[in-house]
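Visitor: One structure follows; several queries about it will come next.
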There are 2 protein chains.
Amino acid sequence: MEPSRHMTSQQFRDAGKRLIDWIADYYERVERYPVLAQVVPGQIRQSLPPDPPQSGEKFDAILASVNAKIMPGVTHWQSPNFFAYFPANTSEPSVLGDLLSTGLGVQGMLWATSPACTELETLVLDWLAKMLALPEAFLSSGKGGGVIQDSASSSSLCAVLAARERATGFRSNEDGCRDELVAYTSTQAHSSIEKDVKVAGIGRRNLRLIDVDSNFAMRPDLLEKAIEEDKHAGKIPFIVCATIGTTSSLALDPLESIGGICKKHNLWMHVDAAMAGTAALCPEFRHIQQGLELADSYCFDAHKWMFTNFDCSCFYVADRETLTRSLDVLPEYLRNQASGSDAVFEYRNWHVPLGRRFRALKLWFVIQHYGVEGLQWLIRRHVELAQTFLRWVRDDQRFELIAPAALNLICFRLKASDELNEKLLRRLNHSGKLYLSHTRLNGKYTIRFCVAQTKTELPHIQRAWDAIRTEADALVGSSQP
Amino acid sequence: MEPSRHMTSQQFRDAGKRLIDWIADYYERVERYPVLAQVVPGQIRQSLPPDPPQSGEKFDAILASVNAKIMPGVTHWQSPNFFAYFPANTSEPSVLGDLLSTGLGVQGMLWATSPACTELETLVLDWLAKMLALPEAFLSSGKGGGVIQDSASSSSLCAVLAARERATGFRSNEDGCRDELVAYTSTQAHSSIEKDVKVAGIGRRNLRLIDVDSNFAMRPDLLEKAIEEDKHAGKIPFIVCATIGTTSSLALDPLESIGGICKKHNLWMHVDAAMAGTAALCPEFRHIQQGLELADSYCFDAHKWMFTNFDCSCFYVADRETLTRSLDVLPEYLRNQASGSDAVFEYRNWHVPLGRRFRALKLWFVIQHYGVEGLQWLIRRHVELAQTFLRWVRDDQRFELIAPAALNLICFRLKASDELNEKLLRRLNHSGKLYLSHTRLNGKYTIRFCVAQTKTELPHIQRAWDAIRTEADALVGSSQP
């Protein structure tokens, strides 16, 4: 008999423990790397063999390749000096929960194919709904419930699909999307909404981007006007995607007004709270979701600001039957006793993919490790740090603030040309000391500073501000105190 | 200053190493568990606290909950006695590669946000294309390339969307799906194709399920007839989804004939080789993909039969520009120097989600650990075991084979009523000794026996056959040798 090609149990134990130490070392040393990878296109690929190895390699050699070839091309999302985009923060308990999921290797496509995968997910999403004080309609004990999706893009796609089917009496699934359906969101909404309406066969032309007020929040008066115009033109308004915390500036759409309009005109209201939703862990920030009880669906990403590694987008619906009827297909090879009984959730009907990982474990590990009050403490700390940074920007007359900054995202710029602001950002990012990103608000190039990395503390904010001031000195001269 | 809420580095090292040992122990003992979880709906959930903990818990307590509360609800996909559905096999190097991905926690939504995440993915999918002898058109060096998606369902959705846009000159994205597009697949194709056409706004009524021959393969004559009828009726045929290895019976659609028809009528040909595609690692099995050079897109799941844990669906296109143009949206906050340069792949335009994990690592670890010849050896072994099982079934006159079984899936049934076959399956699965699933072929309830679990060896097949014969003895009496 030929020798096994697999790692022995002992080899796996040794390699696994080395890798755990490698990750612990990485977290200890992450600040030594430039936050943004300093490589040019093609550099990483060219450093690797163009062809696969014919015979197997030892784990030592594989790990050596990681160090030598892969690490130079990594942008360090887990660095406490990462302030770009929205974060993808993780934590030690999340890493462990996900490792357990990987190790178990279950495929939760049906309740029967791993009941714990389905039931823990439903439970933990109920826990979360309570932790965030979400409307009761989203709890699984009633007609609603939550599910983990890979991303807010996929969550909002499912909202669009369920809304499309509700509006057409499930005819779009049968006949194709033949009606003149119209979707609404604000000019500040995430680009995934545009992607979703394209995917769903609605068409970009049938997505209205409603203008915003001076705080970058959707204007309900313009929304209602647009809906009425479309109705008048014989079209069928079917969904409004509102945002709690837009990507550009963390603007808060007025859910109560928008929800009222949706009820009046019988539109689905989806609420995307991708990053900011996590803030509702703290009672003092729950004003951001006022009016959420009018929503048909809601999503926020635990993989952004809740210390849970990607992917973990939490998607809730108030009426799960509409969602599952919109996505259900049941071939013979997936039939089983339990799924016929209505006693179980079949999450394959809650999203596009059939297969699914045991993603609830990492979320469950995170909530158990930190407890509700631990998570609240961390979120408060982030907001406090961001507000400290905000005061520094405000006190330096070379800079201007471009948007309200009630939570953890500060939008600012040099009072100077777009070109100089771009230059400032490029220099900072290329220094490797920190990583920031930009957007455009009121037509102006704007720098975004988002405080949400797991290990970010006051010294990181201070050093970031020092670096920004130093570059500003070089670009526009020192500030007059 | 309050104490940190995070695990210390040392706590993480200790907990991580315990978990590695836990996983190694699990793999050593996995056969002691019943393969199919023996719980009733609600049982797992009810064993857990209805509300989240206010304060944090120790890792010991969390792991104890896993053992006591979660494990009874786990169906053991990694058991060598798992023969149901298609497998989701994993391996030690895959677990380690995925752990590294989790630890790094990078978000590869743009090339710039982790160049190694994008470039390793392109490289490893090129490696794979060479390992499987896929057509050159799918290599990134030309106009094509590969990307990792979460599932074959999502891969085929992207094929449907790209085909929809190509057929309508990218007007569906703009105006909505207004044309009478028609898609084609066989009656044996995976249910995800139906889901995809619904999602994409095509409508189930516009999906033709083409009948199959006695081997359950799509009949090209009927396909062409259907296309011509639809054209004649003023409709626009736009895609054929062919299958290499259908879910029910591993039937092989005749790609050469179907591809010829697609070329003639200008249809997109997508090929779904979800499980069976892996067999092409071995030259002697490459006949299954004869004609693949006529395909516009192709997918197979490394997370099924290639020892790589879910999710890892490998999706290839011959013309990446059509795909990315179909899925591209570019808001200001995602703009960056590299993405404007055409020098890099932006994988966010290759699928629906924006965010993406560093999934190439696990695949790269697997290929490096086993090497090409190690993987070939394992695949050959699985096919050999399945063929051994096939001979046993054939030699027992109480059973009949229901489909050709050229690879690793055996479809059989007792020469008895559907009810008795159902009873046989139920008894076997409830014994916990093994896990099988069923389908319906030619209207008959059929048992599926799929050999593809990482550690399945001859004794497992022997014990499975013993268990099947013993139950058959009880149900229909012993066989006459």
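Letters for chains follow the order of the structure tokens (A, B, ...), residue numbers begin at 1 for each chain, and ligand numbers begin at 1 in the order shown.
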Excluding Glu136 (chain A) and any residue of its chain fewer than 3 positions from it, enumerate the residues within 12 Å of it, using only C-alpha atoms, and give them as a list in words.
Guide: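 The residues satisfying every condition are Asp126, Trp127, Leu128, Ala129, Lys130, Met131, Leu132, Ala133, Leu139, Ser140, Ser141, Gly142, Lys143, Gly144, Gly145, Gly146, Leu292, Glu293, Leu294, Ala295, Asp296, Tyr316, Val317, Ala318 and Asp319 of chain A.
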Visitor: Generate a file of the selected residues that holds N, CA and C atoms, formatted as a PDB file, in the first residue's frame.
Guide:
ATOM      1  N   ASP A 126     -31.175  36.234  16.414  1.00  0.00           N
ATOM      2  CA  ASP A 126     -32.155  36.749  17.383  1.00  0.00           C
ATOM      3  C   ASP A 126     -31.447  37.477  18.532  1.00  0.00           C
ATOM      4  N   TRP A 127     -30.374  36.874  19.035  1.00  0.00           N
ATOM      5  CA  TRP A 127     -29.565  37.558  20.067  1.00  0.00           C
ATOM      6  C   TRP A 127     -29.192  38.964  19.599  1.00  0.00           C
ATOM      7  N   LEU A 128     -28.647  39.005  18.383  1.00  0.00           N
ATOM      8  CA  LEU A 128     -28.173  40.287  17.840  1.00  0.00           C
ATOM      9  C   LEU A 128     -29.314  41.291  17.722  1.00  0.00           C
ATOM     10  N   ALA A 129     -30.461  40.820  17.265  1.00  0.00           N
ATOM     11  CA  ALA A 129     -31.616  41.716  17.118  1.00  0.00           C
ATOM     12  C   ALA A 129     -31.960  42.331  18.473  1.00  0.00           C
ATOM     13  N   LYS A 130     -31.877  41.527  19.510  1.00  0.00           N
ATOM     14  CA  LYS A 130     -32.145  42.054  20.846  1.00  0.00           C
ATOM     15  C   LYS A 130     -31.036  42.998  21.297  1.00  0.00           C
ATOM     16  N   MET A 131     -29.803  42.637  21.016  1.00  0.00           N
ATOM     17  CA  MET A 131     -28.669  43.479  21.428  1.00  0.00           C
ATOM     18  C   MET A 131     -28.730  44.858  20.785  1.00  0.00           C
ATOM     19  N   LEU A 132     -29.236  44.888  19.540  1.00  0.00           N
ATOM     20  CA  LEU A 132     -29.298  46.139  18.784  1.00  0.00           C
ATOM     21  C   LEU A 132     -30.651  46.832  18.947  1.00  0.00           C
ATOM     22  N   ALA A 133     -31.545  46.207  19.734  1.00  0.00           N
ATOM     23  CA  ALA A 133     -32.902  46.735  19.889  1.00  0.00           C
ATOM     24  C   ALA A 133     -33.578  46.925  18.530  1.00  0.00           C
ATOM     25  N   LEU A 139     -37.518  39.299  14.617  1.00  0.00           N
ATOM     26  CA  LEU A 139     -37.196  38.095  15.386  1.00  0.00           C
ATOM     27  C   LEU A 139     -37.812  36.860  14.735  1.00  0.00           C
ATOM     28  N   SER A 140     -37.143  35.746  14.896  1.00  0.00           N
ATOM     29  CA  SER A 140     -37.631  34.517  14.258  1.00  0.00           C
ATOM     30  C   SER A 140     -38.877  33.965  14.951  1.00  0.00           C
ATOM     31  N   SER A 141     -39.157  34.445  16.146  1.00  0.00           N
ATOM     32  CA  SER A 141     -40.325  33.942  16.883  1.00  0.00           C
ATOM     33  C   SER A 141     -41.630  34.392  16.233  1.00  0.00           C
ATOM     34  N   GLY A 142     -41.566  35.462  15.432  1.00  0.00           N
ATOM     35  CA  GLY A 142     -42.757  35.901  14.707  1.00  0.00           C
ATOM     36  C   GLY A 142     -42.680  35.454  13.258  1.00  0.00           C
ATOM     37  N   LYS A 143     -42.994  36.374  12.363  1.00  0.00           N
ATOM     38  CA  LYS A 143     -42.985  36.029  10.939  1.00  0.00           C
ATOM     39  C   LYS A 143     -41.670  36.376  10.248  1.00  0.00           C
ATOM     40  N   GLY A 144     -40.728  36.940  11.018  1.00  0.00           N
ATOM     41  CA  GLY A 144     -39.488  37.393  10.406  1.00  0.00           C
ATOM     42  C   GLY A 144     -38.323  36.487  10.736  1.00  0.00           C
ATOM     43  N   GLY A 145     -37.130  37.070  10.712  1.00  0.00           N
ATOM     44  CA  GLY A 145     -35.942  36.315  11.067  1.00  0.00           C
ATOM     45  C   GLY A 145     -34.713  36.851  10.370  1.00  0.00           C
ATOM     46  N   GLY A 146     -33.565  36.369  10.822  1.00  0.00           N
ATOM     47  CA  GLY A 146     -32.302  36.830  10.269  1.00  0.00           C
ATOM     48  C   GLY A 146     -31.497  35.688   9.672  1.00  0.00           C
ATOM     49  N   LEU A 292     -37.013  52.380  12.134  1.00  0.00           N
ATOM     50  CA  LEU A 292     -36.681  51.081  11.535  1.00  0.00           C
ATOM     51  C   LEU A 292     -37.856  50.100  11.586  1.00  0.00           C
ATOM     52  N   GLU A 293     -38.793  50.352  12.516  1.00  0.00           N
ATOM     53  CA  GLU A 293     -39.950  49.444  12.608  1.00  0.00           C
ATOM     54  C   GLU A 293     -40.813  49.505  11.342  1.00  0.00           C
ATOM     55  N   LEU A 294     -40.554  50.495  10.486  1.00  0.00           N
ATOM     56  CA  LEU A 294     -41.302  50.577   9.227  1.00  0.00           C
ATOM     57  C   LEU A 294     -40.628  49.794   8.097  1.00  0.00           C
ATOM     58  N   ALA A 295     -39.464  49.226   8.392  1.00  0.00           N
ATOM     59  CA  ALA A 295     -38.696  48.560   7.329  1.00  0.00           C
ATOM     60  C   ALA A 295     -39.174  47.133   7.092  1.00  0.00           C
ATOM     61  N   ASP A 296     -39.069  46.699   5.836  1.00  0.00           N
ATOM     62  CA  ASP A 296     -39.346  45.315   5.491  1.00  0.00           C
ATOM     63  C   ASP A 296     -38.096  44.453   5.620  1.00  0.00           C
ATOM     64  N   TYR A 316     -31.979  40.825   7.876  1.00  0.00           N
ATOM     65  CA  TYR A 316     -33.239  40.533   8.545  1.00  0.00           C
ATOM     66  C   TYR A 316     -34.422  40.881   7.655  1.00  0.00           C
ATOM     67  N   VAL A 317     -35.465  40.078   7.740  1.00  0.00           N
ATOM     68  CA  VAL A 317     -36.716  40.420   7.072  1.00  0.00           C
ATOM     69  C   VAL A 317     -37.859  40.329   8.081  1.00  0.00           C
ATOM     70  N   ALA A 318     -38.874  41.145   7.835  1.00  0.00           N
ATOM     71  CA  ALA A 318     -40.059  41.122   8.696  1.00  0.00           C
ATOM     72  C   ALA A 318     -41.038  40.041   8.256  1.00  0.00           C
ATOM     73  N   ASP A 319     -40.957  39.640   6.999  1.00  0.00           N
ATOM     74  CA  ASP A 319     -41.866  38.626   6.467  1.00  0.00           C
ATOM     75  C   ASP A 319     -41.034  37.615   5.697  1.00  0.00           C
TER      76      ASP A 319
END
Visitor: Using DSSP on the backbone, list every residue of region 175-320 of chain A that comes out as helix (DSSP H, G or I), and give them as a PyMOL selection string.
Guide: chain A and resi 175+192-199+204-206+220-232+255-265+276-281+283-289+292-294+302-305+320
Visitor: Give the answer as one residue: which of B:His270, B:Arg32, B:Arg171, B:His460 has the shortest atom-to-atom distance to chain A, using only C-alpha atoms?
Guide: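 Closest to chain A, using only C-alpha atoms: B:Arg171.
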Visitor: Write out as a VMD selection string the residues lying within 10 Å of Leu267 (chain B), counting only C-alpha atoms and excluding same-chain residues fewer than 6 positions away.
Guide: chain B and resid 163 to 164 166 to 167 183 to 184 227 236 to 240 259 to 261 295 to 296
Visitor: Expressed in Å to a single decimal, how great is the separation between CA of Arg178 (chain B) and CA of His190 (chain B)?
Guide: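 Distance reported for this atom pair: 25.7 Å.
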Visitor: Give me, as a list in words, all polymer residues having an atom no more than 9 Å from Lys444 (chain B), counting only C-alpha atoms and skipping those fewer than 2 positions away in the same chain.
Guide: Ile402, Arg413, Ser417, Asp418, Thr439, Arg440, Leu441, Asn442 and Thr446 of chain B
Visitor: Could the residues in this selection be saved with C-alpha atoms as a compact mmCIF listing (two decimals), in the first residue's frame?
Guide:
# COMPACT_ATOMS: atom_id res chain seq x y z
CA ILE B 402 -29.98 3.15 -12.52
CA ARG B 413 -31.96 0.86 -5.90
CA SER B 417 -41.11 -0.33 -4.50
CA ASP B 418 -40.11 3.28 -3.95
CA THR B 439 -32.74 11.33 -6.20
CA ARG B 440 -35.40 10.37 -8.71
CA LEU B 441 -34.32 8.97 -12.08
CA ASN B 442 -36.79 7.84 -14.73
CA THR B 446 -32.86 6.13 -6.49
Visitor: Counting only C-alpha atoms, what is within 7 Å of Ala200 (chain A), bar same-chain residues fewer than 4 positions away, as a ChimeraX atom specification?
Guide: /A:161,196 /B:199-201
Visitor: Could you save those same residues with C-alpha atoms as a CSV table (one decimal), in the first residue's frame?
Guide:
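Done, and the output landed in selection.csv:
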chain,number,residue,atom,x,y,z
A,161,LEU,CA,-35.7,40.3,-5.3
A,196,ASP,CA,-28.5,44.9,-7.5
B,199,VAL,CA,-32.9,36.2,-10.1
B,200,ALA,CA,-31.7,37.7,-13.4
B,201,GLY,CA,-35.3,38.7,-14.4
Visitor: CA of Asn67 (chain A) and CA of Phe358 (chain B), how far apart in Å?
Guide: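 Atom-to-atom, CA of Phe358 (chain B) and CA of Asn67 (chain A) are spaced 15.4 Å apart.
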Visitor: Counting only C-alpha atoms, which residue out of A:Asp60, A:Asp473, A:Glu224, A:Glu332 sits closest to chain B?
Guide: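 When distances to chain B are compared using only C-alpha atoms, the smallest one comes from A:Glu332.
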Visitor: As a tab-separated table (two decimals) with C-alpha atoms, in the first residue's frame, please: all residues of region 156-353 of chain A that backbone DSSP puts in strand (DSSP E).
Guide:
chain	number	residue	atom	x	y	z
A	181	LEU	CA	-40.60	48.56	-11.82
A	182	VAL	CA	-38.79	51.49	-10.25
A	183	ALA	CA	-36.39	51.50	-7.30
A	184	TYR	CA	-35.30	54.49	-5.20
A	185	THR	CA	-32.25	55.26	-3.17
A	186	SER	CA	-30.23	58.37	-2.42
A	207	LEU	CA	-33.21	53.36	-10.28
A	208	ARG	CA	-33.88	56.89	-9.08
A	209	LEU	CA	-31.07	58.52	-7.14
A	210	ILE	CA	-32.86	60.94	-4.85
A	236	ILE	CA	-44.56	50.64	-10.59
A	237	PRO	CA	-42.46	52.00	-7.71
A	238	PHE	CA	-41.52	48.93	-5.63
A	239	ILE	CA	-38.59	49.53	-3.26
A	240	VAL	CA	-36.73	52.25	-1.41
A	241	CYS	CA	-33.24	51.44	-0.16
A	242	ALA	CA	-32.51	53.76	2.73
A	243	THR	CA	-29.15	53.98	4.44
A	268	TRP	CA	-40.73	47.74	0.29
A	269	MET	CA	-38.31	49.61	2.55
A	270	HIS	CA	-34.86	48.09	2.81
A	271	VAL	CA	-32.41	49.64	5.24
A	272	ASP	CA	-28.67	49.27	4.72
A	297	SER	CA	-35.70	44.34	5.57
A	298	TYR	CA	-32.52	45.44	7.23
A	299	CYS	CA	-28.87	44.56	7.06
A	300	PHE	CA	-25.67	45.39	8.84
A	301	ASP	CA	-22.28	43.74	8.53
A	313	SER	CA	-23.51	40.28	6.73
A	314	CYS	CA	-26.60	40.03	8.95
A	315	PHE	CA	-29.80	40.31	6.94
A	316	TYR	CA	-33.24	40.53	8.55
A	317	VAL	CA	-36.72	40.42	7.07
Visitor: Which distance in Å separates CA of Tyr85 (chain B) and CA of Trp22 (chain B), to one decimal?
Guide: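 Calculated distance between CA of Tyr85 (chain B) and CA of Trp22 (chain B) is 26.8 Å.
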Visitor: Find the residues around Ala84 (chain B) up to 9 Å (only C-alpha atoms counted), leave out those fewer than 5 positions away in its own chain, and share them as a list in words.
Guide: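 What passes the distance filter is Trp77, Leu434, Tyr435, Leu436, Ser437, His438, Arg448, Phe449, Cys450 and Val451 of chain B.
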Visitor: Write out the residues from the selection above, keeping C-alpha atoms, as a tab-separated table (two decimals), in the first residue's frame.
Guide:
chain	number	residue	atom	x	y	z
B	77	TRP	CA	-19.39	15.96	6.34
B	434	LEU	CA	-23.14	6.13	7.03
B	435	TYR	CA	-24.98	8.88	5.18
B	436	LEU	CA	-26.49	8.46	1.74
B	437	SER	CA	-28.89	10.63	-0.21
B	438	HIS	CA	-31.41	10.00	-2.94
B	448	ARG	CA	-26.91	7.84	-4.54
B	449	PHE	CA	-23.56	6.66	-3.24
B	450	CYS	CA	-20.83	9.22	-3.83
B	451	VAL	CA	-17.21	8.39	-2.97
Visitor: List the neighbours of Ser248 (chain B) out to 7 Å using only C-alpha atoms; skip same-chain residues closer than 2 positions along the sequence, and give me the result as number ranges by chain.
Guide: A: 333; B: 188, 246, 250, 439
